[in-house]
>>> print(open('query_1.cif').read())   # mmCIF, C-alpha atoms
data_upload
loop_
_atom_site.label_atom_id
_atom_site.label_comp_id
_atom_site.auth_asym_id
_atom_site.auth_seq_id
_atom_site.Cartn_x
_atom_site.Cartn_y
_atom_site.Cartn_z
CA MET A 4 -16.52 32.31 15.55
CA HIS A 5 -16.23 30.62 18.90
CA GLU A 6 -13.44 28.01 19.07
CA THR A 7 -14.13 24.92 21.14
CA THR A 8 -11.36 24.22 23.65
CA SER A 9 -9.72 20.81 23.43
CA SER A 10 -9.31 18.64 26.50
CA ILE A 11 -5.63 18.31 25.54
CA PRO A 12 -3.68 21.31 26.91
CA LEU A 13 -1.50 23.27 24.51
CA ASP A 14 1.73 22.26 26.24
CA VAL A 15 0.74 18.58 26.00
CA MET A 16 -0.02 19.01 22.28
CA ALA A 17 3.38 20.59 21.72
CA LEU A 18 5.06 17.81 23.70
CA ARG A 19 3.31 15.08 21.71
CA LEU A 20 4.08 16.67 18.34
CA GLY A 21 7.69 17.21 19.38
CA LEU A 22 7.99 13.60 20.50
CA ALA A 23 6.52 12.48 17.17
CA VAL A 24 9.20 14.53 15.37
CA LEU A 25 11.92 12.96 17.50
CA LEU A 26 10.83 9.32 17.20
CA ALA A 27 9.97 9.51 13.50
CA GLY A 28 13.19 11.42 12.86
CA VAL A 29 15.31 8.70 14.45
CA ILE A 30 13.87 6.08 12.12
CA GLY A 31 14.01 8.48 9.17
CA TRP A 32 17.69 9.16 9.85
CA GLU A 33 18.48 5.46 9.57
CA ARG A 34 16.76 5.35 6.17
CA GLU A 35 18.36 8.64 5.08
CA ARG A 36 21.90 7.46 5.75
CA LEU A 37 21.31 4.52 3.43
CA ARG A 38 19.92 6.91 0.78
CA LYS A 39 16.52 5.26 0.66
CA PRO A 40 13.59 6.81 -1.28
CA ALA A 41 11.84 8.03 1.89
CA GLY A 42 14.24 9.52 4.41
CA PHE A 43 14.46 11.94 7.30
CA ARG A 44 11.88 14.54 6.28
CA THR A 45 9.32 12.06 4.92
CA HIS A 46 9.30 10.00 8.10
CA ILE A 47 8.98 13.11 10.26
CA LEU A 48 6.05 14.39 8.22
CA VAL A 49 4.29 11.02 8.44
CA GLY A 50 4.88 10.81 12.20
CA VAL A 51 3.74 14.38 12.96
CA GLY A 52 0.75 14.09 10.64
CA SER A 53 -0.35 10.86 12.27
CA ALA A 54 -0.03 12.37 15.75
CA LEU A 55 -2.09 15.37 14.67
CA VAL A 56 -4.79 13.15 13.13
CA MET A 57 -5.01 11.20 16.38
CA MET A 58 -5.40 14.41 18.39
CA VAL A 59 -8.02 15.68 15.92
CA SER A 60 -9.94 12.44 16.52
CA LEU A 61 -9.82 13.04 20.27
CA PHE A 62 -10.85 16.68 19.73
CA MET A 63 -13.89 15.51 17.76
CA VAL A 64 -14.88 13.37 20.72
CA ASP A 65 -14.93 16.57 22.79
CA LEU A 66 -17.26 18.09 20.20
CA GLY A 67 -19.53 15.13 19.63
CA GLY A 68 -19.40 13.25 22.88
CA THR A 69 -19.93 9.51 22.89
CA THR A 70 -21.48 9.52 19.41
CA VAL A 71 -18.04 10.04 17.80
CA ASP A 72 -15.69 7.11 17.32
CA PRO A 73 -12.09 8.42 17.70
CA GLY A 74 -10.73 5.40 15.89
CA ARG A 75 -12.46 6.07 12.57
CA ILE A 76 -10.23 8.93 11.41
CA ALA A 77 -7.12 7.32 12.86
CA ALA A 78 -7.85 4.10 10.99
CA GLN A 79 -7.72 5.98 7.69
CA VAL A 80 -4.08 6.86 8.41
CA VAL A 81 -3.13 3.20 8.47
CA VAL A 82 -4.95 2.63 5.18
CA GLY A 83 -3.76 5.82 3.50
CA ILE A 84 -0.10 5.31 4.38
CA GLY A 85 -0.17 2.28 2.09
CA PHE A 86 -0.36 4.57 -0.93
CA LEU A 87 2.67 6.55 0.23
CA GLY A 88 4.57 3.37 1.03
CA ALA A 89 3.79 1.96 -2.40
CA GLY A 90 5.63 4.92 -3.93
CA THR A 91 8.87 3.79 -2.26
CA ILE A 92 8.68 0.26 -3.69
CA LEU A 93 10.56 0.01 -6.96
CA ARG A 94 10.74 -2.85 -9.41
CA SER A 95 13.53 -2.66 -11.95
CA ARG A 96 13.38 -4.02 -15.48
CA GLU A 97 15.57 -6.86 -14.24
CA GLY A 98 12.77 -7.94 -11.89
CA ILE A 99 14.51 -6.82 -8.69
CA VAL A 100 12.25 -5.29 -6.03
CA SER A 101 13.58 -2.70 -3.56
CA GLY A 102 12.08 -0.31 -1.04
CA LEU A 103 9.97 -2.80 0.91
CA THR A 104 11.76 -2.07 4.20
CA THR A 105 11.33 1.68 3.74
CA ALA A 106 7.62 1.22 2.99
CA ALA A 107 7.29 -0.85 6.15
CA SER A 108 9.14 1.77 8.22
CA LEU A 109 6.73 4.47 6.98
CA TRP A 110 3.80 2.31 8.03
CA VAL A 111 5.30 1.74 11.48
CA VAL A 112 6.08 5.47 11.87
CA SER A 113 2.41 6.26 11.19
CA GLY A 114 1.50 3.89 14.02
CA ILE A 115 4.06 5.52 16.31
CA GLY A 116 2.58 8.92 15.49
CA LEU A 117 -0.92 7.69 16.34
CA ALA A 118 0.35 6.28 19.62
CA VAL A 119 2.03 9.56 20.53
CA GLY A 120 -1.08 11.50 19.53
CA CYS A 121 -3.32 9.59 21.92
CA GLY A 122 -0.81 9.69 24.75
CA PHE A 123 0.39 6.09 24.51
CA THR A 124 3.99 7.27 24.95
CA SER A 125 5.44 4.07 26.37
CA GLY A 126 4.20 2.06 23.38
CA ALA A 127 5.63 4.64 20.95
CA LEU A 128 9.04 4.64 22.68
CA LEU A 129 9.24 0.85 22.87
CA THR A 130 8.21 0.45 19.22
CA THR A 131 10.80 3.01 18.09
CA PHE A 132 13.49 1.15 20.02
CA LEU A 133 12.52 -2.19 18.48
CA VAL A 134 12.36 -0.70 14.96
CA MET A 135 15.86 0.74 15.36
CA VAL A 136 17.13 -2.65 16.56
CA VAL A 137 15.69 -4.28 13.44
CA LEU A 138 16.86 -1.60 11.00
CA PHE A 139 20.28 -0.82 12.42
CA PHE A 140 21.59 -3.77 14.41
CA MET A 141 20.05 -6.44 12.22
CA ASN A 142 22.19 -5.11 9.37
CA ARG A 143 25.21 -6.18 11.40
CA VAL A 144 23.69 -9.60 12.02
CA ASP A 145 22.89 -9.89 8.32
CA GLU A 146 26.49 -9.05 7.39
CA TYR A 147 27.77 -11.63 9.88
CA ILE A 148 25.49 -14.33 8.51
CA GLU A 149 26.43 -13.54 4.92
CA SER A 150 30.14 -13.69 5.68
CA HIS A 151 29.76 -17.14 7.26
CA LEU A 152 26.94 -18.80 5.33
CA TYR A 153 26.80 -17.22 1.89
CA HIS A 154 29.15 -16.50 -0.92
CA THR A 155 28.54 -13.55 -3.20
CA LEU A 156 29.18 -12.97 -6.84
CA THR A 157 29.57 -9.35 -7.93
CA LEU A 158 29.25 -8.54 -11.61
CA HIS A 159 30.26 -5.25 -13.18
CA ALA A 160 28.16 -5.29 -16.29
CA ARG A 161 26.39 -3.43 -19.02
CA MET A 162 22.77 -4.19 -18.23
CA THR A 163 20.73 -6.01 -20.85
CA GLY A 164 17.19 -7.31 -20.67
CA HIS A 165 18.33 -10.91 -20.25
CA LEU A 166 21.62 -10.53 -18.34
CA ILE A 167 20.36 -11.57 -14.90
CA GLU A 168 18.45 -14.56 -16.28
CA ASP A 169 21.54 -15.69 -18.24
CA VAL A 170 23.65 -15.52 -15.07
CA LYS A 171 21.03 -17.35 -13.03
CA GLU A 172 20.92 -20.09 -15.65
CA VAL A 173 24.69 -20.57 -15.41
CA LEU A 174 24.54 -20.74 -11.62
CA ARG A 175 21.62 -23.17 -11.60
CA ASP A 176 23.27 -25.41 -14.17
CA ASN A 177 26.17 -25.73 -11.75
CA GLY A 178 23.91 -26.60 -8.84
CA VAL A 179 24.25 -23.24 -7.10
CA ARG A 180 21.28 -22.30 -4.91
CA ILE A 181 20.63 -18.55 -5.20
CA VAL A 182 19.49 -16.83 -1.99
CA ARG A 183 18.85 -13.34 -3.33
CA THR A 184 19.87 -10.89 -6.04
CA GLU A 185 20.38 -7.13 -5.82
CA VAL A 186 21.54 -4.25 -8.02
CA GLN A 187 23.91 -1.56 -6.76
CA MET A 188 24.47 1.75 -8.53
CA PRO A 189 27.56 3.60 -7.21
CA SER A 190 27.06 6.19 -9.97
CA PRO A 191 24.64 6.70 -12.89
CA SER A 192 27.19 5.23 -15.30
CA GLU A 193 27.95 2.11 -13.26
CA LYS A 194 25.85 -0.89 -12.32
CA TYR A 195 26.81 -3.88 -10.23
CA VAL A 196 24.70 -7.00 -9.88
CA VAL A 197 25.28 -8.96 -6.66
CA PHE A 198 24.16 -12.59 -6.33
CA HIS A 199 24.02 -14.15 -2.86
CA PHE A 200 24.02 -17.95 -2.75
CA LYS A 201 24.83 -20.95 -0.60
CA PRO A 202 28.56 -21.69 -0.18
CA VAL A 203 30.41 -23.44 -2.97
CA ALA A 204 33.95 -24.80 -3.14
CA VAL A 205 36.74 -22.47 -4.28
CA ALA A 206 37.58 -24.67 -7.25
CA GLU A 207 33.94 -24.69 -8.31
CA GLY A 208 33.87 -20.91 -7.93
CA LYS A 209 36.79 -20.51 -10.32
CA SER A 210 35.00 -22.66 -12.87
CA LEU A 211 31.89 -20.50 -12.47
CA LEU A 212 33.90 -17.34 -13.11
CA ARG A 213 35.24 -18.71 -16.37
CA GLN A 214 31.71 -19.52 -17.54
CA LEU A 215 30.24 -16.22 -16.41
CA LYS A 216 32.86 -14.12 -18.17
CA ARG A 217 31.55 -15.52 -21.44
CA VAL A 218 28.06 -14.13 -20.76
CA GLU A 219 27.30 -11.10 -22.94
CA GLY A 220 27.47 -7.77 -21.11
CA ILE A 221 29.70 -8.82 -18.21
CA LYS A 222 32.82 -6.67 -17.86
CA GLU A 223 34.13 -8.08 -14.58
CA ALA A 224 33.14 -10.89 -12.22
CA VAL A 225 34.35 -11.20 -8.61
CA PHE A 226 33.65 -14.24 -6.46
CA ASP A 227 33.74 -13.72 -2.63
#
>>> encode(input="query_1.cif", output="structure tokens")
Amino acid sequence: MHETTSSIPLDVMALRLGLAVLLAGVIGWERERLRKPAGFRTHILVGVGSALVMMVSLFMVDLGGTTVDPGRIAAQVVVGIGFLGAGTILRSREGIVSGLTTAASLWVVSGIGLAVGCGFTSGALLTTFLVMVVLFFMNRVDEYIESHLYHTLTLHARMTGHLIEDVKEVLRDNGVRIVRTEVQMPSPSEKYVVFHFKPVAVAEGKSLLRQLKRVEGIKEAVFD
């Protein structure tokens, strides 16, 4: 069977796929170090696959001429990646949602792969840089903001179906405005619930601790 030659030279294909591995891997590494559901390998596979799909689209143009729209196949990557991203979004029984940032990073990596595949290298490089700024350096900004604007309450607790709602009720009754809630699991046998809220006075915080320690399931409460 005769194989049609692509207008993209083999060395250029290898360079684009290699660049896709590099750029997607950088973003995947940042997710991997935080032990997110989709890490190093997943991001690389998405990036390389997207670059390949883009080059396949361009190859089909060589076969079909102007009657083939190179954007049709590539567009399906953007749609299809939503299903993969949805698998990284988790909602716990306590109503806490996690994995949204990782899902978004997968979606962006697919776009970077498409850009590399069609030769839009400058856009891929710039996007990777901006994504790393958001993922890596914004964590530092977030920590700075939290240390100056928020107080946190960390609970070491035995999780029950109504624990978080009971704690929220205590905080709201005391006029505390909750910013966000998250669950941390240092090990399978331990669970910590962290509440971030607007600053409150130290004396008020001590009163809150006394009330919270009476909530069923709480083993330890630390106010920062």
>>> closest_residue(input="query_1.cif", among="A:Ala77, A:Ala27, A:Ala118, A:Leu174", to="Thr155 in chain A", atoms="only C-alpha atoms")
A:Leu174
>>> residues_near_point(input="query_1.cif", point="(-4.7, 12.8, 10.3)", cutoff="7 Å", atoms="all atoms listed in the file", output="list of chain:residue names")
A:Gly52, A:Ser53, A:Leu55, A:Val56, A:Met57, A:Ile76, A:Ala77, A:Val80
>>> atom_distance(input="query_1.cif", atom1="CA of Thr157 in chain A", atom2="CA of Lys194 in chain A")
10.2 Å
>>> resolve_selection(input="query_1.cif", expression="the PyMOL selection byres ((chain A and resi 218) around 12)", output="count of residues only")
29
>>> resolve_selection(input="query_1.cif", expression="the PyMOL selection byres ((chain A and resi 54) around 9)", output="PyMOL selection string")
chain A and resi 19-20+23+49-53+55-59+113-121
>>> closest_residue(input="query_1.cif", among="A:Val196, A:Asn142, A:Leu156, A:Pro202", to="Asp227 in chain A", atoms="only C-alpha atoms")
A:Leu156
>>> decode(input="query_1.cif", residues="range 166-203 of chain A", atoms="N, CA and C atoms", output="short mmCIF file (atom, residue, chain, number, x, y, z; two decimals), in the first residue's frame")
data_model
loop_
_atom_site.label_atom_id
_atom_site.label_comp_id
_atom_site.auth_asym_id
_atom_site.auth_seq_id
_atom_site.Cartn_x
_atom_site.Cartn_y
_atom_site.Cartn_z
N LEU A 166 -20.95 16.50 60.46
CA LEU A 166 -19.91 17.22 61.19
C LEU A 166 -19.67 18.61 60.63
N ILE A 167 -19.43 18.71 59.32
CA ILE A 167 -19.09 20.00 58.72
C ILE A 167 -20.23 20.99 58.87
N GLU A 168 -21.46 20.53 58.68
CA GLU A 168 -22.61 21.43 58.83
C GLU A 168 -22.74 21.91 60.28
N ASP A 169 -22.48 21.02 61.25
CA ASP A 169 -22.54 21.41 62.66
C ASP A 169 -21.51 22.50 62.96
N VAL A 170 -20.29 22.33 62.41
CA VAL A 170 -19.23 23.32 62.64
C VAL A 170 -19.59 24.64 61.97
N LYS A 171 -20.09 24.56 60.75
CA LYS A 171 -20.49 25.79 60.05
C LYS A 171 -21.57 26.54 60.82
N GLU A 172 -22.48 25.80 61.41
CA GLU A 172 -23.57 26.43 62.17
C GLU A 172 -23.01 27.19 63.37
N VAL A 173 -22.03 26.57 64.06
CA VAL A 173 -21.41 27.25 65.20
C VAL A 173 -20.71 28.53 64.75
N LEU A 174 -19.97 28.44 63.66
CA LEU A 174 -19.25 29.61 63.16
C LEU A 174 -20.21 30.73 62.73
N ARG A 175 -21.27 30.35 62.04
CA ARG A 175 -22.23 31.36 61.57
C ARG A 175 -22.97 31.99 62.74
N ASP A 176 -23.30 31.20 63.74
CA ASP A 176 -23.98 31.75 64.91
C ASP A 176 -23.13 32.79 65.62
N ASN A 177 -21.82 32.70 65.45
CA ASN A 177 -20.91 33.67 66.07
C ASN A 177 -20.49 34.76 65.10
N GLY A 178 -21.19 34.84 63.98
CA GLY A 178 -20.93 35.91 63.02
C GLY A 178 -19.66 35.75 62.19
N VAL A 179 -19.15 34.52 62.11
CA VAL A 179 -17.93 34.28 61.34
C VAL A 179 -18.29 34.03 59.88
N ARG A 180 -17.63 34.73 58.98
CA ARG A 180 -17.88 34.59 57.55
C ARG A 180 -16.89 33.58 56.97
N ILE A 181 -17.38 32.42 56.56
CA ILE A 181 -16.53 31.36 56.04
C ILE A 181 -16.15 31.67 54.59
N VAL A 182 -14.85 31.55 54.28
CA VAL A 182 -14.36 31.79 52.92
C VAL A 182 -14.33 30.50 52.12
N ARG A 183 -13.76 29.46 52.71
CA ARG A 183 -13.77 28.16 52.04
C ARG A 183 -13.47 27.06 53.05
N THR A 184 -13.78 25.83 52.66
CA THR A 184 -13.58 24.66 53.51
C THR A 184 -12.85 23.60 52.70
N GLU A 185 -11.93 22.88 53.34
CA GLU A 185 -11.22 21.81 52.64
C GLU A 185 -10.91 20.67 53.60
N VAL A 186 -10.73 19.48 53.04
CA VAL A 186 -10.40 18.29 53.83
C VAL A 186 -9.00 17.84 53.45
N GLN A 187 -8.17 17.57 54.45
CA GLN A 187 -6.83 17.07 54.24
C GLN A 187 -6.73 15.67 54.84
N MET A 188 -6.04 14.78 54.11
CA MET A 188 -5.88 13.40 54.58
C MET A 188 -4.40 13.03 54.60
N PRO A 189 -3.68 13.30 55.70
CA PRO A 189 -2.27 12.94 55.79
C PRO A 189 -2.03 11.44 55.68
N SER A 190 -3.01 10.65 56.12
CA SER A 190 -2.94 9.19 56.03
C SER A 190 -4.37 8.66 55.99
N PRO A 191 -4.56 7.41 55.56
CA PRO A 191 -5.93 6.87 55.46
C PRO A 191 -6.69 6.88 56.79
N SER A 192 -5.96 6.86 57.90
CA SER A 192 -6.63 6.81 59.20
C SER A 192 -6.87 8.18 59.80
N GLU A 193 -6.39 9.24 59.15
CA GLU A 193 -6.52 10.58 59.70
C GLU A 193 -7.24 11.50 58.72
N LYS A 194 -8.07 12.37 59.28
CA LYS A 194 -8.74 13.38 58.47
C LYS A 194 -8.73 14.70 59.22
N TYR A 195 -8.38 15.75 58.49
CA TYR A 195 -8.41 17.09 59.06
C TYR A 195 -9.33 17.96 58.21
N VAL A 196 -10.18 18.70 58.86
CA VAL A 196 -11.05 19.64 58.15
C VAL A 196 -10.53 21.04 58.44
N VAL A 197 -10.28 21.82 57.39
CA VAL A 197 -9.73 23.16 57.55
C VAL A 197 -10.77 24.18 57.06
N PHE A 198 -11.13 25.10 57.94
CA PHE A 198 -12.05 26.19 57.60
C PHE A 198 -11.25 27.48 57.47
N HIS A 199 -11.43 28.18 56.36
CA HIS A 199 -10.81 29.48 56.16
C HIS A 199 -11.91 30.54 56.29
N PHE A 200 -11.65 31.57 57.10
CA PHE A 200 -12.68 32.59 57.28
C PHE A 200 -12.05 33.94 57.54
N LYS A 201 -12.88 34.98 57.49
CA LYS A 201 -12.41 36.33 57.73
C LYS A 201 -11.89 36.46 59.16
N PRO A 202 -10.92 37.37 59.39
CA PRO A 202 -10.29 37.46 60.71
C PRO A 202 -11.29 37.73 61.83
N VAL A 203 -11.01 37.11 62.96
CA VAL A 203 -11.79 37.36 64.17
C VAL A 203 -10.82 37.65 65.31
#
